[in-house]
$ cat run_28.cif   # mmCIF, C-alpha atoms and all ligand atoms
data_coords
loop_
_atom_site.label_atom_id
_atom_site.label_comp_id
_atom_site.auth_asym_id
_atom_site.auth_seq_id
_atom_site.Cartn_x
_atom_site.Cartn_y
_atom_site.Cartn_z
CA SER Z 1 29.06 52.56 2.51
CA ASP Z 2 29.39 49.99 5.25
CA ILE Z 3 26.99 51.17 7.92
CA GLY Z 4 25.65 47.67 8.51
CA ALA Z 5 22.43 47.31 10.48
CA GLN Z 6 22.08 51.07 10.97
CA LYS Z 7 21.15 51.64 7.34
CA ASN Z 8 17.38 51.44 7.86
CA ARG Z 9 17.21 52.73 11.41
CA VAL Z 10 14.94 55.73 12.01
CA VAL Z 11 14.66 57.89 15.13
CA THR Z 12 11.46 59.93 14.87
CA GLU Z 13 10.98 63.54 15.99
CA GLU Z 14 8.59 62.19 18.62
CA GLU Z 15 11.38 60.04 20.05
CA TRP Z 16 13.71 63.04 20.22
CA LEU Z 17 11.08 65.10 22.04
CA GLN Z 18 10.62 62.21 24.45
CA LYS Z 19 14.36 62.07 25.13
CA TRP Z 20 14.21 65.74 26.17
CA GLU Z 21 11.10 65.21 28.30
CA THR Z 22 12.65 62.31 30.18
CA HIS Z 23 16.08 63.98 30.44
CA ASN Z 24 17.59 61.15 28.44
CA ILE Z 25 20.14 63.57 26.99
CA GLY Z 26 23.52 61.98 27.59
CA PHE Z 27 24.78 63.83 24.51
CA HIS Z 28 24.50 67.22 26.25
CA LYS Z 29 27.71 68.52 27.78
CA GLU Z 30 27.84 71.22 30.45
CA GLN Z 31 31.37 72.20 29.39
CA GLY Z 32 32.31 73.71 26.07
CA HIS Z 33 33.41 71.15 23.48
CA PRO Z 34 37.20 70.60 23.54
CA LEU Z 35 37.35 70.10 19.76
CA LEU Z 36 35.62 73.42 19.10
CA GLN Z 37 38.19 75.09 21.33
CA LYS Z 38 41.02 73.24 19.63
CA TYR Z 39 39.88 74.10 16.10
CA LEU Z 40 38.40 77.55 16.73
CA ASP Z 41 41.10 79.17 14.60
CA VAL Z 42 40.14 76.95 11.68
CA LEU Z 43 36.50 77.93 12.06
CA LEU Z 44 37.21 81.64 12.27
CA SER Z 45 40.31 81.82 10.06
CA GLY Z 46 41.09 85.27 11.34
CA ARG Z 47 37.60 86.67 10.72
CA SER Z 48 35.40 88.42 13.27
CA GLY Z 49 31.65 88.98 13.53
CA LEU Z 50 30.75 85.78 11.70
CA ARG Z 51 27.33 84.21 11.22
CA ILE Z 52 27.68 80.72 12.68
CA PHE Z 53 25.12 77.94 12.28
CA PHE Z 54 24.45 75.12 14.77
CA PRO Z 55 22.34 72.44 13.04
CA LEU Z 56 20.36 70.26 15.52
CA CYS Z 57 21.66 72.50 18.28
CA GLY Z 58 20.08 71.04 21.43
CA LYS Z 59 21.15 73.37 24.24
CA ALA Z 60 24.85 73.41 23.36
CA VAL Z 61 26.67 75.80 25.69
CA ASP Z 62 29.12 76.64 22.88
CA MET Z 63 26.43 78.83 21.31
CA LYS Z 64 26.82 81.36 24.10
CA TRP Z 65 30.60 81.05 24.01
CA LEU Z 66 30.72 82.07 20.34
CA ALA Z 67 28.08 84.78 20.75
CA ASP Z 68 30.08 86.27 23.63
CA MET Z 69 33.02 86.54 21.21
CA GLY Z 70 30.95 88.79 18.97
CA HIS Z 71 29.60 86.28 16.46
CA HIS Z 72 25.96 85.88 15.50
CA VAL Z 73 24.75 82.37 16.29
CA VAL Z 74 21.77 80.68 14.64
CA GLY Z 75 20.55 77.22 15.62
CA VAL Z 76 17.72 74.87 14.78
CA GLU Z 77 16.18 72.29 17.06
CA VAL Z 78 12.84 70.42 17.13
CA SER Z 79 12.57 70.47 20.92
CA GLU Z 80 11.22 73.73 22.30
CA GLN Z 81 12.08 72.45 25.77
CA ALA Z 82 15.76 72.22 24.75
CA LEU Z 83 15.79 75.80 23.47
CA LYS Z 84 14.05 77.19 26.55
CA GLU Z 85 16.46 75.30 28.80
CA PHE Z 86 19.33 76.85 26.84
CA PHE Z 87 18.20 80.42 27.50
CA VAL Z 88 17.20 79.77 31.12
CA GLU Z 89 20.35 77.82 32.06
CA ARG Z 90 22.64 80.39 30.38
CA SER Z 91 20.68 83.22 32.13
CA LEU Z 92 19.84 84.88 28.82
CA PRO Z 93 16.57 86.76 28.46
CA TYR Z 94 14.82 85.98 25.17
CA SER Z 95 11.69 86.63 23.16
CA GLU Z 96 9.61 84.39 20.89
CA GLU Z 97 8.04 85.07 17.53
CA PRO Z 98 6.44 83.05 14.75
CA VAL Z 99 8.50 82.33 11.62
CA PRO Z 100 6.94 83.64 8.41
CA GLY Z 101 6.88 80.79 5.91
CA ILE Z 102 7.04 77.90 8.43
CA PRO Z 103 3.64 77.12 9.96
CA GLY Z 104 3.94 76.20 13.65
CA ALA Z 105 7.61 77.17 13.90
CA LYS Z 106 8.96 79.66 16.42
CA LYS Z 107 12.09 81.75 16.60
CA LEU Z 108 13.52 82.25 20.09
CA GLN Z 109 15.95 85.13 20.14
CA SER Z 110 18.16 86.46 22.90
CA THR Z 111 17.24 90.01 23.88
CA SER Z 112 20.75 91.08 22.91
CA GLY Z 113 19.86 89.81 19.42
CA ASN Z 114 22.97 87.72 18.75
CA ILE Z 115 21.51 84.22 19.31
CA SER Z 116 18.52 83.15 17.18
CA LEU Z 117 17.20 79.63 17.63
CA TYR Z 118 14.55 78.19 15.33
CA CYS Z 119 12.19 75.65 16.80
CA CYS Z 120 11.26 73.46 13.84
CA SER Z 121 12.72 70.65 11.77
CA ILE Z 122 15.93 71.55 9.98
CA TYR Z 123 14.27 70.31 6.79
CA ASP Z 124 11.83 73.24 7.00
CA LEU Z 125 14.66 75.79 6.71
CA SER Z 126 16.09 77.41 3.60
CA SER Z 127 18.53 80.24 2.93
CA SER Z 128 15.61 82.56 2.23
CA ILE Z 129 14.54 82.10 5.87
CA VAL Z 130 17.85 81.90 7.75
CA GLY Z 131 20.33 83.39 5.29
CA LYS Z 132 23.80 81.95 4.69
CA PHE Z 133 26.62 81.26 7.12
CA ASP Z 134 30.36 81.82 7.37
CA GLY Z 135 30.88 79.00 9.88
CA PHE Z 136 29.21 75.74 10.92
CA TRP Z 137 29.59 73.67 14.07
CA ASP Z 138 28.21 70.18 13.41
CA ARG Z 139 28.46 68.14 16.61
CA GLY Z 140 25.75 65.58 17.38
CA ALA Z 141 24.08 66.71 14.17
CA LEU Z 142 25.09 64.77 11.03
CA VAL Z 143 25.66 61.77 13.32
CA ALA Z 144 22.13 62.18 14.74
CA VAL Z 145 20.45 62.43 11.33
CA ASN Z 146 18.77 59.22 10.20
CA PRO Z 147 21.00 57.48 7.64
CA CYS Z 148 18.19 57.71 5.04
CA ASP Z 149 18.11 61.53 5.45
CA ARG Z 150 21.84 62.20 5.20
CA GLN Z 151 21.86 63.24 1.56
CA ARG Z 152 18.99 65.66 2.10
CA TYR Z 153 20.69 67.06 5.21
CA ALA Z 154 24.02 67.63 3.48
CA SER Z 155 22.41 69.13 0.36
CA LEU Z 156 20.49 71.59 2.54
CA LEU Z 157 23.59 72.61 4.50
CA ILE Z 158 25.50 73.22 1.28
CA THR Z 159 22.79 75.72 0.25
CA LEU Z 160 23.38 77.59 3.53
CA MET Z 161 27.12 78.02 2.94
CA GLU Z 162 28.52 81.43 2.24
CA GLU Z 163 31.52 81.49 -0.08
CA ASN Z 164 34.67 80.75 1.98
CA SER Z 165 32.69 79.28 4.87
CA SER Z 166 34.28 76.77 7.24
CA TYR Z 167 32.53 73.67 8.51
CA LEU Z 168 33.69 71.81 11.59
CA LEU Z 169 32.22 68.33 11.86
CA VAL Z 170 32.52 65.87 14.74
CA THR Z 171 31.92 62.16 14.11
CA ALA Z 172 32.50 59.01 16.10
CA SER Z 173 34.45 56.05 14.78
CA TYR Z 174 33.13 52.65 15.89
CA ASP Z 175 31.77 49.31 14.67
CA PRO Z 176 28.18 50.03 13.50
CA ASN Z 177 27.20 46.41 14.03
CA LYS Z 178 27.74 46.73 17.76
CA HIS Z 179 25.68 49.86 18.49
CA LYS Z 180 22.39 50.90 16.91
CA GLY Z 181 22.94 54.67 17.18
CA PRO Z 182 22.54 57.58 17.39
CA PRO Z 183 25.24 58.72 17.17
CA PHE Z 184 25.38 56.87 13.86
CA TYR Z 185 28.60 55.78 12.26
CA VAL Z 186 29.40 58.06 9.31
CA PRO Z 187 32.58 56.91 7.59
CA GLU Z 188 34.94 59.50 6.18
CA SER Z 189 34.34 58.24 2.64
CA GLU Z 190 30.66 59.08 3.04
CA ILE Z 191 31.41 62.56 4.38
CA LYS Z 192 33.51 63.14 1.25
CA SER Z 193 30.72 62.01 -1.03
CA LEU Z 194 28.09 64.04 0.87
CA PHE Z 195 30.00 67.31 1.06
CA GLY Z 196 32.56 67.00 -1.74
N1 LIG Z 201 24.12 69.29 18.83
C1 LIG Z 201 23.61 69.13 20.19
C2 LIG Z 201 22.44 68.12 20.27
C3 LIG Z 201 22.77 66.75 19.77
S1 LIG Z 201 21.46 65.55 19.87
C4 LIG Z 201 24.73 68.76 21.12
O1 LIG Z 201 25.82 68.45 20.64
O2 LIG Z 201 24.52 68.75 22.35
C5 LIG Z 201 20.54 65.84 18.38
C6 LIG Z 201 19.50 66.92 18.52
O3 LIG Z 201 18.82 67.08 17.29
C7 LIG Z 201 18.41 66.61 19.56
O4 LIG Z 201 18.33 67.67 20.47
C8 LIG Z 201 17.12 66.49 18.73
O5 LIG Z 201 15.99 66.95 19.43
C9 LIG Z 201 17.45 67.32 17.51
N2 LIG Z 201 16.79 66.94 16.25
C10 LIG Z 201 16.58 65.70 15.77
N3 LIG Z 201 16.04 65.73 14.55
C11 LIG Z 201 15.91 67.05 14.21
C12 LIG Z 201 15.43 67.74 13.06
N4 LIG Z 201 14.96 67.09 12.00
N5 LIG Z 201 15.46 69.09 13.05
C13 LIG Z 201 15.94 69.78 14.14
N6 LIG Z 201 16.39 69.17 15.25
C14 LIG Z 201 16.39 67.83 15.31
#
$ encode --input "run_28.cif" --output "structure tokens"
Amino acid sequence: SDIGAQKNRVVTEEEWLQKWETHNIGFHKEQGHPLLQKYLDVLLSGRSGLRIFFPLCGKAVDMKWLADMGHHVVGVEVSEQALKEFFVERSLPYSEEPVPGIPGAKKLQSTSGNISLYCCSIYDLSSSIVGKFDGFWDRGALVAVNPCDRQRYASLLITLMEENSSYLLVTASYDPNKHKGPPFYVPESEIKSLFG
């Protein structure tokens, strides 16, 4: 695919943690995402009480929005600061526990039990740990993944898909030679080859 100079670019976990520490988080939006609202019916397709996964979740406010509708939300994020800010800023009490099978990882769960956020790398997860999902909201996630890790990312997400799951994906269309990313440019042809 034609991703130009971005092909070999790597943003390390350390750099992501630093972005959170220095509040360099221009990707975070205080309002719910308009495209999630627009395509909510596609995500739910008439179903209620879904398990919905937010890969690379940050502190996306949409997690509370979907949980308040009666869905169970699971997210994963390397920055513990991001996850704590999510619960504090949404005024949600939560508890923390270690994750059996992932050394050093933590699960932060709302006291009401319907939002579970894993603090670890997404590449540490598997369906035996988090189960499978009926819906996925991928915003600032595939486009934040290093281009060299895209195949691994997509293959993992496919293993987390329940039969008849829906996957909403947000990308940005631009000239990859003019911006180093993230967000990275992920052409539609590549999305087709990654997810089929
Ligand atoms: N989806 C969120 C955050 C987008 S920014 C939103 O739309 O607001 C990408 C996020 O992924 C950052 O918060 C970063 O800390 C996190 N991240 C980067 N690499 C990760 C990895 N390997 N596993 C889990 N989280 C990761």
$ closest_atom_pairs --input "run_28.cif" --of "region 15-66 of chain Z" --to "region 139-144 of chain Z" --cutoff "8 Å" --atoms "all atoms listed in the file" --output "JSON lines"
{"residue": "Z:Phe27", "atom": "CA", "partner": "Z:Gly140", "partner_atom": "CA", "distance": 7.4}
{"residue": "Z:Pro55", "atom": "CA", "partner": "Z:Ala141", "partner_atom": "CA", "distance": 6.1}
{"residue": "Z:Leu56", "atom": "CA", "partner": "Z:Ala141", "partner_atom": "CA", "distance": 5.3}
{"residue": "Z:Cys57", "atom": "CA", "partner": "Z:Ala141", "partner_atom": "CA", "distance": 7.5}
$ residues_near_ligand --input "run_28.cif" --ligand "ligand LIG 201 (chain Z)" --cutoff "9 Å" --atoms "only C-alpha atoms and all ligand atoms" --output "ChimeraX atom specification"
/Z:11-20,25-29,33,54-61,75-80,82,118-124,137-146,153,182-183
$ residues_around --input "run_28.cif" --residues "Leu168 (chain Z)" --least-positions-apart "4" --cutoff "10 Å" --atoms "all atoms listed in the file" --output "ChimeraX atom specification"
/Z:35-36,39-40,42-43,135-139
$ write_last_selection --input "run_28.cif" --atoms "C-alpha atoms" --output "mmCIF file, in the frame of the given file"
data_model
loop_
_atom_site.group_PDB
_atom_site.id
_atom_site.type_symbol
_atom_site.label_atom_id
_atom_site.label_comp_id
_atom_site.auth_asym_id
_atom_site.auth_seq_id
_atom_site.Cartn_x
_atom_site.Cartn_y
_atom_site.Cartn_z
ATOM 1 C CA LEU Z 35 37.350 70.100 19.760
ATOM 2 C CA LEU Z 36 35.620 73.420 19.100
ATOM 3 C CA TYR Z 39 39.880 74.100 16.100
ATOM 4 C CA LEU Z 40 38.400 77.550 16.730
ATOM 5 C CA VAL Z 42 40.140 76.950 11.680
ATOM 6 C CA LEU Z 43 36.500 77.930 12.060
ATOM 7 C CA GLY Z 135 30.880 79.000 9.880
ATOM 8 C CA PHE Z 136 29.210 75.740 10.920
ATOM 9 C CA TRP Z 137 29.590 73.670 14.070
ATOM 10 C CA ASP Z 138 28.210 70.180 13.410
ATOM 11 C CA ARG Z 139 28.460 68.140 16.610
#
$ closest_residue --input "run_28.cif" --among "Z:Ile115, Z:Asp62, Z:Lys106, Z:Val74" --to "Pro93 (chain Z)" --atoms "all atoms listed in the file"
Z:Ile115
$ closest_residue --input "run_28.cif" --among "Z:Met69, Z:Gly113, Z:Asp134, Z:Arg9" --to "Glu163 (chain Z)" --atoms "all atoms listed in the file"
Z:Asp134
$ residues_around --input "run_28.cif" --residues "Leu194 (chain Z)" --least-positions-apart "6" --cutoff "10 Å" --atoms "all atoms listed in the file" --output "PyMOL selection string"
chain Z and resi 150-155+158+188
$ atom_distance --input "run_28.cif" --atom1 "CA of Gly32 (chain Z)" --atom2 "CA of Gly181 (chain Z)"
23.0 Å
$ decode --input "run_28.cif" --residues "region 47-85 of chain Z" --atoms "N, CA and C atoms" --output "short mmCIF file (atom, residue, chain, number, x, y, z; two decimals), in the first residue's frame"
data_model
loop_
_atom_site.label_atom_id
_atom_site.label_comp_id
_atom_site.auth_asym_id
_atom_site.auth_seq_id
_atom_site.Cartn_x
_atom_site.Cartn_y
_atom_site.Cartn_z
N ARG Z 47 -29.95 -4.99 18.56
CA ARG Z 47 -29.67 -5.84 19.72
C ARG Z 47 -29.48 -5.00 20.99
N SER Z 48 -29.76 -5.60 22.14
CA SER Z 48 -29.51 -4.88 23.39
C SER Z 48 -28.57 -5.70 24.27
N GLY Z 49 -28.00 -5.05 25.27
CA GLY Z 49 -27.11 -5.73 26.21
C GLY Z 49 -25.89 -6.34 25.56
N LEU Z 50 -25.27 -5.60 24.64
CA LEU Z 50 -24.11 -6.13 23.92
C LEU Z 50 -22.83 -6.01 24.74
N ARG Z 51 -21.83 -6.82 24.36
CA ARG Z 51 -20.47 -6.63 24.85
C ARG Z 51 -19.73 -5.83 23.77
N ILE Z 52 -19.27 -4.64 24.15
CA ILE Z 52 -18.65 -3.75 23.16
C ILE Z 52 -17.20 -3.47 23.56
N PHE Z 53 -16.31 -3.62 22.59
CA PHE Z 53 -14.88 -3.45 22.84
C PHE Z 53 -14.36 -2.13 22.27
N PHE Z 54 -13.58 -1.42 23.09
CA PHE Z 54 -12.88 -0.20 22.68
C PHE Z 54 -11.37 -0.49 22.70
N PRO Z 55 -10.78 -0.84 21.54
CA PRO Z 55 -9.32 -1.01 21.53
C PRO Z 55 -8.66 0.36 21.72
N LEU Z 56 -7.52 0.41 22.40
CA LEU Z 56 -6.76 1.67 22.57
C LEU Z 56 -7.71 2.81 22.98
N CYS Z 57 -8.38 2.57 24.12
CA CYS Z 57 -9.56 3.38 24.46
C CYS Z 57 -9.29 4.79 24.95
N GLY Z 58 -8.07 5.09 25.44
CA GLY Z 58 -7.86 6.41 26.03
C GLY Z 58 -8.88 6.63 27.13
N LYS Z 59 -9.48 7.82 27.15
CA LYS Z 59 -10.55 8.08 28.13
C LYS Z 59 -11.82 8.49 27.38
N ALA Z 60 -12.10 7.77 26.30
CA ALA Z 60 -13.23 8.12 25.42
C ALA Z 60 -14.55 8.17 26.20
N VAL Z 61 -15.20 9.31 26.11
CA VAL Z 61 -16.45 9.51 26.86
C VAL Z 61 -17.57 8.60 26.35
N ASP Z 62 -17.43 8.12 25.11
CA ASP Z 62 -18.45 7.24 24.52
C ASP Z 62 -18.59 5.93 25.30
N MET Z 63 -17.57 5.57 26.07
CA MET Z 63 -17.65 4.32 26.84
C MET Z 63 -18.78 4.41 27.86
N LYS Z 64 -18.89 5.57 28.49
CA LYS Z 64 -19.96 5.74 29.48
C LYS Z 64 -21.32 5.82 28.78
N TRP Z 65 -21.34 6.48 27.64
CA TRP Z 65 -22.58 6.63 26.88
C TRP Z 65 -23.18 5.27 26.54
N LEU Z 66 -22.35 4.35 26.06
CA LEU Z 66 -22.84 3.02 25.71
C LEU Z 66 -23.19 2.19 26.95
N ALA Z 67 -22.38 2.34 28.00
CA ALA Z 67 -22.68 1.60 29.24
C ALA Z 67 -24.01 2.06 29.83
N ASP Z 68 -24.27 3.37 29.74
CA ASP Z 68 -25.53 3.90 30.27
C ASP Z 68 -26.74 3.37 29.49
N MET Z 69 -26.49 2.91 28.26
CA MET Z 69 -27.58 2.33 27.46
C MET Z 69 -27.82 0.87 27.78
N GLY Z 70 -26.98 0.33 28.69
CA GLY Z 70 -27.20 -1.07 29.09
C GLY Z 70 -26.23 -2.07 28.46
N HIS Z 71 -25.21 -1.54 27.78
CA HIS Z 71 -24.21 -2.46 27.20
C HIS Z 71 -23.06 -2.65 28.18
N HIS Z 72 -22.30 -3.72 27.96
CA HIS Z 72 -21.11 -3.93 28.77
C HIS Z 72 -19.90 -3.50 27.94
N VAL Z 73 -19.14 -2.54 28.47
CA VAL Z 73 -18.02 -1.97 27.72
C VAL Z 73 -16.70 -2.49 28.28
N VAL Z 74 -15.83 -2.93 27.38
CA VAL Z 74 -14.47 -3.34 27.76
C VAL Z 74 -13.49 -2.55 26.91
N GLY Z 75 -12.46 -2.00 27.56
CA GLY Z 75 -11.44 -1.24 26.83
C GLY Z 75 -10.06 -1.72 27.20
N VAL Z 76 -9.08 -1.32 26.38
CA VAL Z 76 -7.68 -1.58 26.74
C VAL Z 76 -6.87 -0.34 26.41
N GLU Z 77 -5.93 -0.05 27.29
CA GLU Z 77 -5.16 1.19 27.18
C GLU Z 77 -3.86 1.02 27.97
N VAL Z 78 -2.73 1.45 27.40
CA VAL Z 78 -1.46 1.33 28.14
C VAL Z 78 -1.32 2.35 29.25
N SER Z 79 -1.99 3.48 29.13
CA SER Z 79 -1.80 4.54 30.13
C SER Z 79 -2.79 4.40 31.28
N GLU Z 80 -2.26 4.11 32.45
CA GLU Z 80 -3.10 4.02 33.65
C GLU Z 80 -3.68 5.39 33.98
N GLN Z 81 -2.90 6.42 33.71
CA GLN Z 81 -3.37 7.80 33.95
C GLN Z 81 -4.65 8.05 33.15
N ALA Z 82 -4.67 7.63 31.88
CA ALA Z 82 -5.84 7.83 31.02
C ALA Z 82 -7.06 7.16 31.64
N LEU Z 83 -6.88 5.92 32.09
CA LEU Z 83 -8.02 5.16 32.62
C LEU Z 83 -8.53 5.77 33.92
N LYS Z 84 -7.61 6.21 34.78
CA LYS Z 84 -8.04 6.84 36.03
C LYS Z 84 -8.75 8.15 35.74
N GLU Z 85 -8.24 8.92 34.78
CA GLU Z 85 -8.92 10.17 34.41
C GLU Z 85 -10.32 9.88 33.89
#
